[in-house]
>>> print(open('final.txt').read())   # compact mmCIF, C-alpha atoms and all ligand atoms
# COMPACT_ATOMS: atom_id res chain seq x y z
CA ALA N 28 8.27 26.73 -14.95
CA ALA N 29 6.51 30.08 -14.68
CA ALA N 30 9.79 31.93 -14.66
CA SER N 31 10.89 30.22 -17.85
CA ARG N 32 7.91 31.75 -19.63
CA GLY N 33 9.35 35.16 -18.99
CA PRO N 34 8.49 38.03 -16.69
CA GLY N 35 5.87 39.40 -19.05
CA SER N 36 3.62 36.37 -18.95
CA VAL N 37 0.54 36.12 -16.76
CA GLU N 38 1.86 32.85 -15.35
CA ALA N 39 4.75 34.69 -13.75
CA PHE N 40 2.29 36.38 -11.42
CA GLY N 41 0.33 33.25 -10.66
CA PRO N 42 1.13 30.33 -8.38
CA GLY N 43 4.75 30.32 -9.56
CA LEU N 44 5.47 33.56 -7.80
CA ARG N 45 3.82 32.39 -4.59
CA ASP N 46 5.83 29.16 -4.69
CA GLY N 47 8.95 31.19 -5.30
CA LEU N 48 8.21 33.39 -2.32
CA ALA N 49 7.40 30.45 -0.06
CA ALA N 50 10.56 28.68 -1.16
CA ARG N 51 12.66 31.76 -0.47
CA MET N 52 11.09 32.18 2.96
CA GLY N 53 11.78 28.52 3.72
CA THR N 54 15.37 28.98 2.63
CA ALA N 55 15.69 32.06 4.83
CA VAL N 56 14.33 30.28 7.92
CA ASP N 57 16.64 27.30 7.35
CA LEU N 58 19.63 29.53 6.68
CA ALA N 59 19.06 31.42 9.93
CA GLU N 60 19.08 28.04 11.68
CA ALA N 61 22.20 26.92 9.84
CA LEU N 62 23.99 30.06 10.99
CA ALA N 63 23.16 29.26 14.58
CA LYS N 64 24.41 25.67 14.24
CA GLU N 65 27.78 24.15 13.47
CA GLY N 66 28.58 22.12 10.41
CA GLU N 67 25.95 22.93 7.78
CA LEU N 68 27.87 25.84 6.30
CA PHE N 69 31.36 25.27 5.02
CA LEU N 70 33.86 26.75 2.63
CA SER N 71 35.34 25.34 -0.56
CA TYR N 72 38.54 26.82 -1.90
CA GLN N 73 39.51 27.35 -5.51
CA PRO N 74 43.19 28.08 -6.18
CA VAL N 75 44.34 31.10 -8.18
CA PHE N 76 47.28 30.37 -10.49
CA ASP N 77 50.13 32.39 -11.88
CA LEU N 78 49.85 31.34 -15.53
CA GLU N 79 53.33 32.53 -16.30
CA HIS N 80 55.12 30.52 -13.62
CA ASP N 81 52.52 27.82 -13.11
CA THR N 82 52.37 28.35 -9.39
CA ILE N 83 49.54 28.93 -6.92
CA VAL N 84 49.33 32.51 -5.68
CA GLY N 85 46.11 32.32 -3.75
CA ALA N 86 42.72 30.72 -3.31
CA GLU N 87 39.14 31.91 -3.30
CA ALA N 88 36.80 30.91 -0.49
CA LEU N 89 33.37 29.88 -1.79
CA VAL N 90 30.59 29.24 0.69
CA ARG N 91 28.60 25.99 0.61
CA TRP N 92 25.56 24.88 2.55
CA ARG N 93 24.84 21.25 3.33
CA HIS N 94 21.11 21.41 3.94
CA PRO N 95 19.83 18.47 6.03
CA GLN N 96 17.06 17.68 3.49
CA ARG N 97 18.07 19.40 0.29
CA GLY N 98 21.72 18.37 0.20
CA VAL N 99 24.38 20.85 -0.90
CA VAL N 100 22.71 24.13 -1.90
CA SER N 101 24.51 26.46 -4.31
CA PRO N 102 25.43 29.96 -3.14
CA ALA N 103 23.71 31.21 -6.29
CA ASP N 104 20.48 30.06 -4.60
CA PHE N 105 20.99 31.20 -1.04
CA ILE N 106 23.17 34.33 -1.28
CA PRO N 107 20.35 36.31 -2.94
CA VAL N 108 17.95 35.15 -0.20
CA ALA N 109 20.50 36.14 2.45
CA GLU N 110 20.75 39.55 0.82
CA GLN N 111 16.98 40.01 0.65
CA THR N 112 16.49 39.09 4.31
CA GLY N 113 19.46 40.80 5.91
CA LEU N 114 20.97 37.43 6.88
CA ILE N 115 23.93 38.33 4.68
CA ALA N 116 25.42 40.35 7.56
CA ASP N 117 25.75 37.26 9.76
CA LEU N 118 26.63 35.01 6.84
CA GLY N 119 29.35 37.41 5.69
CA CYS N 120 30.75 37.50 9.20
CA TRP N 121 30.78 33.71 9.36
CA VAL N 122 32.52 33.41 5.98
CA LEU N 123 35.15 35.97 6.89
CA ASP N 124 35.96 34.28 10.17
CA ALA N 125 36.05 30.76 8.70
CA ALA N 126 38.23 31.89 5.79
CA VAL N 127 40.72 33.77 7.94
CA SER N 128 40.84 30.85 10.37
CA GLN N 129 41.71 28.53 7.46
CA LEU N 130 44.33 30.98 6.29
CA SER N 131 45.97 30.88 9.70
CA GLN N 132 46.08 27.06 9.47
CA TRP N 133 47.76 27.28 6.06
CA GLN N 134 50.50 29.61 7.26
CA ARG N 135 53.30 27.05 7.18
CA LEU N 136 52.32 26.01 3.66
CA VAL N 137 52.11 29.44 2.08
CA GLY N 138 54.41 32.40 1.62
CA THR N 139 53.60 35.99 2.39
CA GLY N 140 52.54 36.54 -1.22
CA PHE N 141 49.69 34.05 -0.92
CA ARG N 142 46.28 35.65 -0.79
CA LEU N 143 42.96 34.32 0.30
CA HIS N 144 40.09 35.84 -1.69
CA VAL N 145 36.82 36.34 0.14
CA ASN N 146 33.66 37.45 -1.68
CA LEU N 147 31.93 40.45 -0.22
CA SER N 148 28.28 41.20 -0.87
CA PRO N 149 27.54 44.83 -1.81
CA LEU N 150 25.41 45.00 1.33
CA GLU N 151 28.42 44.14 3.50
CA MET N 152 30.37 46.94 1.85
CA ARG N 153 27.65 49.30 3.05
CA GLN N 154 27.99 48.29 6.70
CA PRO N 155 29.88 50.76 8.88
CA ARG N 156 31.20 47.92 11.07
CA LEU N 157 32.83 46.10 8.13
CA VAL N 158 36.31 47.47 8.82
CA ALA N 159 36.15 46.54 12.51
CA GLN N 160 34.97 43.04 11.63
CA VAL N 161 37.84 42.49 9.21
CA VAL N 162 40.42 43.81 11.66
CA ASP N 163 38.95 41.67 14.41
CA ALA N 164 39.07 38.48 12.32
CA LEU N 165 42.70 39.13 11.31
CA ASP N 166 43.73 39.87 14.88
CA ARG N 167 42.00 36.88 16.39
CA HIS N 168 43.61 34.49 13.94
CA GLY N 169 46.96 36.27 13.75
CA VAL N 170 46.96 36.65 9.99
CA PRO N 171 48.60 39.57 8.16
CA ALA N 172 46.12 41.87 6.39
CA GLU N 173 48.19 41.57 3.21
CA GLN N 174 47.10 37.96 2.82
CA LEU N 175 43.43 38.85 2.60
CA LEU N 176 41.78 40.02 -0.61
CA LEU N 177 38.15 41.05 -0.66
CA GLU N 178 36.29 40.61 -3.94
CA ILE N 179 33.43 42.92 -4.78
CA THR N 180 31.48 42.49 -8.00
CA GLU N 181 31.58 45.18 -10.62
CA THR N 182 27.81 45.59 -10.47
CA GLY N 183 27.96 45.66 -6.66
CA LEU N 184 30.42 48.53 -6.78
CA MET N 185 28.03 50.47 -8.96
CA THR N 186 25.52 50.38 -6.09
CA ALA N 187 28.04 51.68 -3.54
CA ASP N 188 26.71 54.34 -1.18
CA ASP N 189 28.65 57.37 0.06
CA GLY N 190 30.30 55.43 2.85
CA SER N 191 31.41 52.42 0.82
CA VAL N 192 34.40 53.79 -1.05
CA PRO N 193 35.97 55.45 2.04
CA ARG N 194 35.40 52.16 3.86
CA LEU N 195 37.21 50.26 1.13
CA GLU N 196 40.01 52.82 1.24
CA GLU N 197 40.30 52.30 4.98
CA LEU N 198 40.60 48.55 4.49
CA ARG N 199 43.27 49.09 1.90
CA GLU N 200 45.18 51.40 4.26
CA ILE N 201 45.44 48.60 6.81
CA GLY N 202 46.85 46.36 4.08
CA VAL N 203 43.84 44.38 2.88
CA ALA N 204 43.82 43.92 -0.89
CA LEU N 205 40.68 44.61 -2.90
CA GLY N 206 39.51 43.19 -6.17
CA ILE N 207 36.70 43.64 -8.64
CA ASP N 208 34.88 40.39 -9.37
CA ASP N 209 32.91 39.49 -12.50
CA PHE N 210 34.48 42.31 -14.47
CA GLY N 211 32.86 42.65 -17.86
CA THR N 212 29.31 42.10 -16.65
CA GLY N 213 28.78 45.76 -15.80
CA TYR N 214 29.70 48.89 -17.65
CA SER N 215 32.73 50.23 -15.80
CA SER N 216 35.27 52.11 -17.83
CA ILE N 217 38.97 51.61 -17.35
CA SER N 218 39.31 55.21 -16.15
CA TYR N 219 36.68 54.54 -13.47
CA LEU N 220 38.57 51.40 -12.41
CA ARG N 221 41.72 53.41 -11.99
CA GLU N 222 39.97 55.73 -9.55
CA LEU N 223 38.84 52.90 -7.31
CA PRO N 224 41.01 51.62 -4.46
CA VAL N 225 41.52 48.21 -6.04
CA ASP N 226 44.50 45.90 -6.63
CA MET N 227 42.94 43.24 -8.80
CA VAL N 228 40.41 42.87 -11.56
CA LYS N 229 38.89 39.47 -12.18
CA LEU N 230 37.52 38.93 -15.65
CA ASP N 231 34.12 37.30 -15.64
CA ARG N 232 33.95 33.83 -17.17
CA SER N 233 32.03 35.22 -20.16
CA LEU N 234 34.81 37.72 -20.83
CA THR N 235 37.50 35.08 -20.30
CA SER N 236 36.02 32.88 -23.01
CA LEU N 237 35.48 35.84 -25.29
CA VAL N 238 39.01 37.17 -24.87
CA ALA N 239 40.53 33.71 -25.17
CA ALA N 240 38.45 32.74 -28.19
CA SER N 241 38.94 35.69 -30.46
CA PRO N 242 42.54 36.16 -31.47
CA ASP N 243 41.40 38.99 -33.74
CA GLU N 244 40.72 41.08 -30.68
CA TYR N 245 44.18 40.56 -29.25
CA ALA N 246 45.41 44.01 -30.13
CA LEU N 247 42.56 45.63 -28.26
CA THR N 248 42.66 43.39 -25.19
CA ARG N 249 46.43 43.63 -25.07
CA ALA N 250 46.09 47.42 -25.00
CA ILE N 251 43.41 47.30 -22.30
CA PHE N 252 45.45 44.88 -20.18
CA GLY N 253 48.51 47.09 -20.63
CA LEU N 254 46.53 50.04 -19.34
CA MET N 255 45.32 48.05 -16.35
CA ARG N 256 48.81 46.81 -15.55
CA SER N 257 50.26 50.29 -15.82
CA SER N 258 47.81 51.31 -13.09
CA GLY N 259 49.16 48.48 -10.96
CA LEU N 260 46.10 46.28 -11.41
CA GLU N 261 46.53 42.52 -11.44
CA ILE N 262 44.35 40.72 -13.94
CA VAL N 263 42.86 37.34 -13.08
CA ALA N 264 40.87 35.42 -15.70
CA GLU N 265 38.07 33.41 -14.11
CA GLY N 266 36.36 30.31 -15.50
CA ILE N 267 39.21 28.83 -17.53
CA GLU N 268 37.99 25.50 -18.86
CA GLU N 269 40.18 24.76 -21.85
CA HIS N 270 43.90 24.45 -22.51
CA VAL N 271 43.70 26.73 -25.53
CA GLN N 272 42.34 29.50 -23.29
CA VAL N 273 45.44 29.30 -21.11
CA ALA N 274 47.66 29.62 -24.17
CA HIS N 275 45.74 32.64 -25.45
CA LEU N 276 45.65 34.29 -22.07
CA ARG N 277 49.41 33.86 -21.72
CA ALA N 278 49.87 35.35 -25.19
CA ILE N 279 47.99 38.51 -24.25
CA ARG N 280 49.88 38.58 -20.97
CA CYS N 281 47.00 37.94 -18.65
CA ARG N 282 49.12 36.66 -15.82
CA TYR N 283 46.69 35.06 -13.38
CA GLY N 284 43.89 32.59 -13.84
CA GLN N 285 41.34 30.40 -12.16
CA GLY N 286 39.03 27.72 -13.52
CA TYR N 287 37.90 24.12 -13.53
CA LEU N 288 40.75 23.22 -15.90
CA LEU N 289 43.35 24.37 -13.39
CA ALA N 290 41.62 23.37 -10.16
CA ARG N 291 38.03 22.99 -9.05
CA PRO N 292 36.82 24.38 -5.73
CA ALA N 293 37.72 21.80 -3.08
CA GLY N 294 38.09 21.17 0.60
CA PRO N 295 41.01 22.71 2.50
CA GLU N 296 42.87 19.38 2.68
CA VAL N 297 42.84 19.07 -1.12
CA VAL N 298 44.16 22.61 -1.53
CA ALA N 299 46.81 21.97 1.13
CA ALA N 300 48.00 18.89 -0.78
CA LEU N 301 48.11 20.91 -3.98
CA LEU N 302 50.06 23.68 -2.25
CA ALA N 303 52.54 21.18 -0.89
CA ARG N 304 52.96 19.54 -4.28
CA ARG N 305 52.81 22.49 -6.65
CA GLY N 306 54.53 25.02 -4.47
CA GLN N 307 53.31 28.56 -4.48
CA GLY N 308 54.68 31.62 -6.05
CA SER N 309 54.55 35.14 -4.82
CA ARG N 310 53.60 38.25 -6.62
CA PRO N 311 56.23 40.71 -7.69
CA SER N 312 56.67 43.33 -4.99
CA GLY N 313 54.20 46.16 -5.16
CA MET N 314 51.53 44.06 -6.76
P1 LIG N 401 32.17 34.16 -8.07
O1 LIG N 401 32.76 34.83 -6.87
O2 LIG N 401 32.33 34.85 -9.36
O3 LIG N 401 32.81 32.71 -8.07
C1 LIG N 401 33.05 31.97 -9.22
C2 LIG N 401 32.02 30.87 -9.42
O4 LIG N 401 32.33 30.16 -10.61
C3 LIG N 401 32.03 29.81 -8.34
O5 LIG N 401 30.69 29.31 -8.25
C4 LIG N 401 32.95 28.75 -8.89
O6 LIG N 401 32.73 27.47 -8.35
C5 LIG N 401 32.58 28.81 -10.35
N1 LIG N 401 33.68 28.40 -11.23
C6 LIG N 401 35.00 28.39 -11.00
N2 LIG N 401 35.70 27.96 -12.08
C7 LIG N 401 34.77 27.69 -13.03
C8 LIG N 401 34.87 27.21 -14.37
O7 LIG N 401 35.92 26.94 -14.92
N3 LIG N 401 33.69 27.06 -15.04
C9 LIG N 401 32.48 27.35 -14.47
N4 LIG N 401 31.39 27.15 -15.20
N5 LIG N 401 32.36 27.81 -13.22
C10 LIG N 401 33.49 27.99 -12.51
P2 LIG N 401 29.96 29.16 -6.85
O8 LIG N 401 30.90 28.65 -5.82
O9 LIG N 401 28.69 28.42 -7.11
O10 LIG N 401 29.62 30.65 -6.45
C11 LIG N 401 28.74 31.43 -7.19
C12 LIG N 401 28.74 32.85 -6.70
O11 LIG N 401 28.19 32.94 -5.38
C13 LIG N 401 30.13 33.47 -6.59
O12 LIG N 401 30.59 33.90 -7.86
C14 LIG N 401 29.86 34.61 -5.63
O13 LIG N 401 29.29 35.70 -6.30
C15 LIG N 401 28.81 34.01 -4.72
N6 LIG N 401 29.49 33.54 -3.49
C16 LIG N 401 30.11 32.36 -3.25
N7 LIG N 401 30.62 32.33 -2.00
C17 LIG N 401 30.31 33.53 -1.44
C18 LIG N 401 30.55 34.13 -0.15
O14 LIG N 401 31.19 33.56 0.74
N8 LIG N 401 30.06 35.39 0.06
C19 LIG N 401 29.36 36.07 -0.91
N9 LIG N 401 28.90 37.32 -0.62
N10 LIG N 401 29.13 35.56 -2.13
C20 LIG N 401 29.60 34.30 -2.39
MG MG N 402 34.53 35.75 -6.54
MG MG N 403 33.69 35.96 -10.22
MG MG N 404 31.58 35.15 -12.30
>>> encode(input="final.txt", output="structure tokens")
Amino acid sequence: AAASRGPGSVEAFGPGLRDGLAARMGTAVDLAEALAKEGELFLSYQPVFDLEHDTIVGAEALVRWRHPQRGVVSPADFIPVAEQTGLIADLGCWVLDAAVSQLSQWQRLVGTGFRLHVNLSPLEMRQPRLVAQVVDALDRHGVPAEQLLLEITETGLMTADDGSVPRLEELREIGVALGIDDFGTGYSSISYLRELPVDMVKLDRSLTSLVAASPDEYALTRAIFGLMRSSGLEIVAEGIEEHVQVAHLRAIRCRYGQGYLLARPAGPEVVAALLARRGQGSRPSGM
């Protein structure tokens, strides 16, 4: 309630803040416990579609936490706490291993063009051991690096330290694909994007609805997308909720998309059934 009154109000510095702190500390303690146990943390997977061919080209792993008292907690609530407390290092490691393990189990269902997207916190990108951890997970589960795509948010990239970009380049050299998540929420220019070692740009949900809702802007977005494509960047629109958005996105040649309309995040068995039924496409070579 205090927070809703805005950061400038006196209330924000009263009991509300203390409650907030206590709640975050409680979350941190419980999360540390969850990481040491089996079963509380799990991954949901949301398919990525080729809008042109109506096939599945990948899936994004999204972490979930089934708290014994609180029920399923949203990552929007516990990822920030994990980042503030340093638990993100262990959590990131757990997510990577669980995702790559799932990918190895999906091998007979997917082609080589299928990619599993894993979200990377900016703090993980700053860790020198990131590359070794990724290589280790791929080796242990016998999965080709080409099937893994790491998503880093646009704002996260803006906080990259000196070591981050070379680290990302190293990952890309071993074959791991990289993508920018939530594009449109920061202030990156297209020329800056082209300098980064990335393969994919994912439009934030807010940008997806904007782009898909304003046909007047087609000329501009078409030009921007053309520029991105000419640099070899794949464009994925996130948060597609309406049929008309798909039509508009196709019209401006945004080839890939994700959203509740197409498929909600779900358990691995649901995605497997979808893969078996829908079939999956592969990206054109070099993409
Ligand atoms: P994100 O990576 O941008 O993921 C997209 C979020 O939008 C997901 O929320 C997904 O469930 C939701 N979404 C997908 N389609 C739609 C749609 O059509 N409409 C709407 N309204 N929402 C849609 P989720 O799973 O709650 O994750 C929230 C954020 O938490 C993620 O945003 C990501 O930043 C972070 N996150 C999730 N899993 C991980 C993880 O394993 N590691 C890290 N570092 N961050 C994670
Ligand atoms: Mg993401
Ligand atoms: Mg996103
Ligand atoms: Mg987003």
>>> closest_atom_pairs(input="final.txt", of="chain N", to="ligand LIG 401 (chain N)", cutoff="6 Å", atoms="all atoms listed in the file", output="tab-separated table")
residue	atom	partner	partner_atom	distance
N:Leu89	CA	N:LIG401	N7	3.7
N:Val90	CA	N:LIG401	N7	4.1
N:Ser101	CA	N:LIG401	O9	5.4
N:Pro102	CA	N:LIG401	O11	4.6
N:Ala103	CA	N:LIG401	O11	4.9
N:Val122	CA	N:LIG401	O14	5.4
N:Asn146	CA	N:LIG401	N8	4.5
N:Leu147	CA	N:LIG401	N9	4.4
N:Ser148	CA	N:LIG401	N9	3.9
N:Asp209	CA	N:LIG401	O2	5.6
N:Gly266	CA	N:LIG401	O7	3.4
N:Ile267	CA	N:LIG401	O7	4.6
N:Glu268	CA	N:LIG401	O7	4.7
N:Gly286	CA	N:LIG401	O7	3.5
N:Tyr287	CA	N:LIG401	O7	3.7
N:Pro292	CA	N:LIG401	O6	5.8
>>> residues_around(input="final.txt", residues="Phe69 of chain N", least_positions_apart="6", cutoff="10 Å", atoms="all atoms listed in the file", output="number ranges by chain")
N: 88-93, 121-122, 125-126, 294
>>> residues_near_ligand(input="final.txt", ligand="ligand MG 402 (chain N)", cutoff="9 Å", atoms="only C-alpha atoms and all ligand atoms", output="VMD selection string")
chain N and resid 87 to 89 144 to 147 177 to 180 206 to 209 229 265
>>> closest_residue(input="final.txt", among="N:Leu234, N:Leu223, N:Val99, N:Leu78", to="ligand MG 404 (chain N)", atoms="all atoms listed in the file")
N:Leu234
>>> closest_residue(input="final.txt", among="N:Glu222, N:Glu197, N:Glu296, N:Asp231", to="ligand MG 403 (chain N)", atoms="only C-alpha atoms and all ligand atoms")
N:Asp231
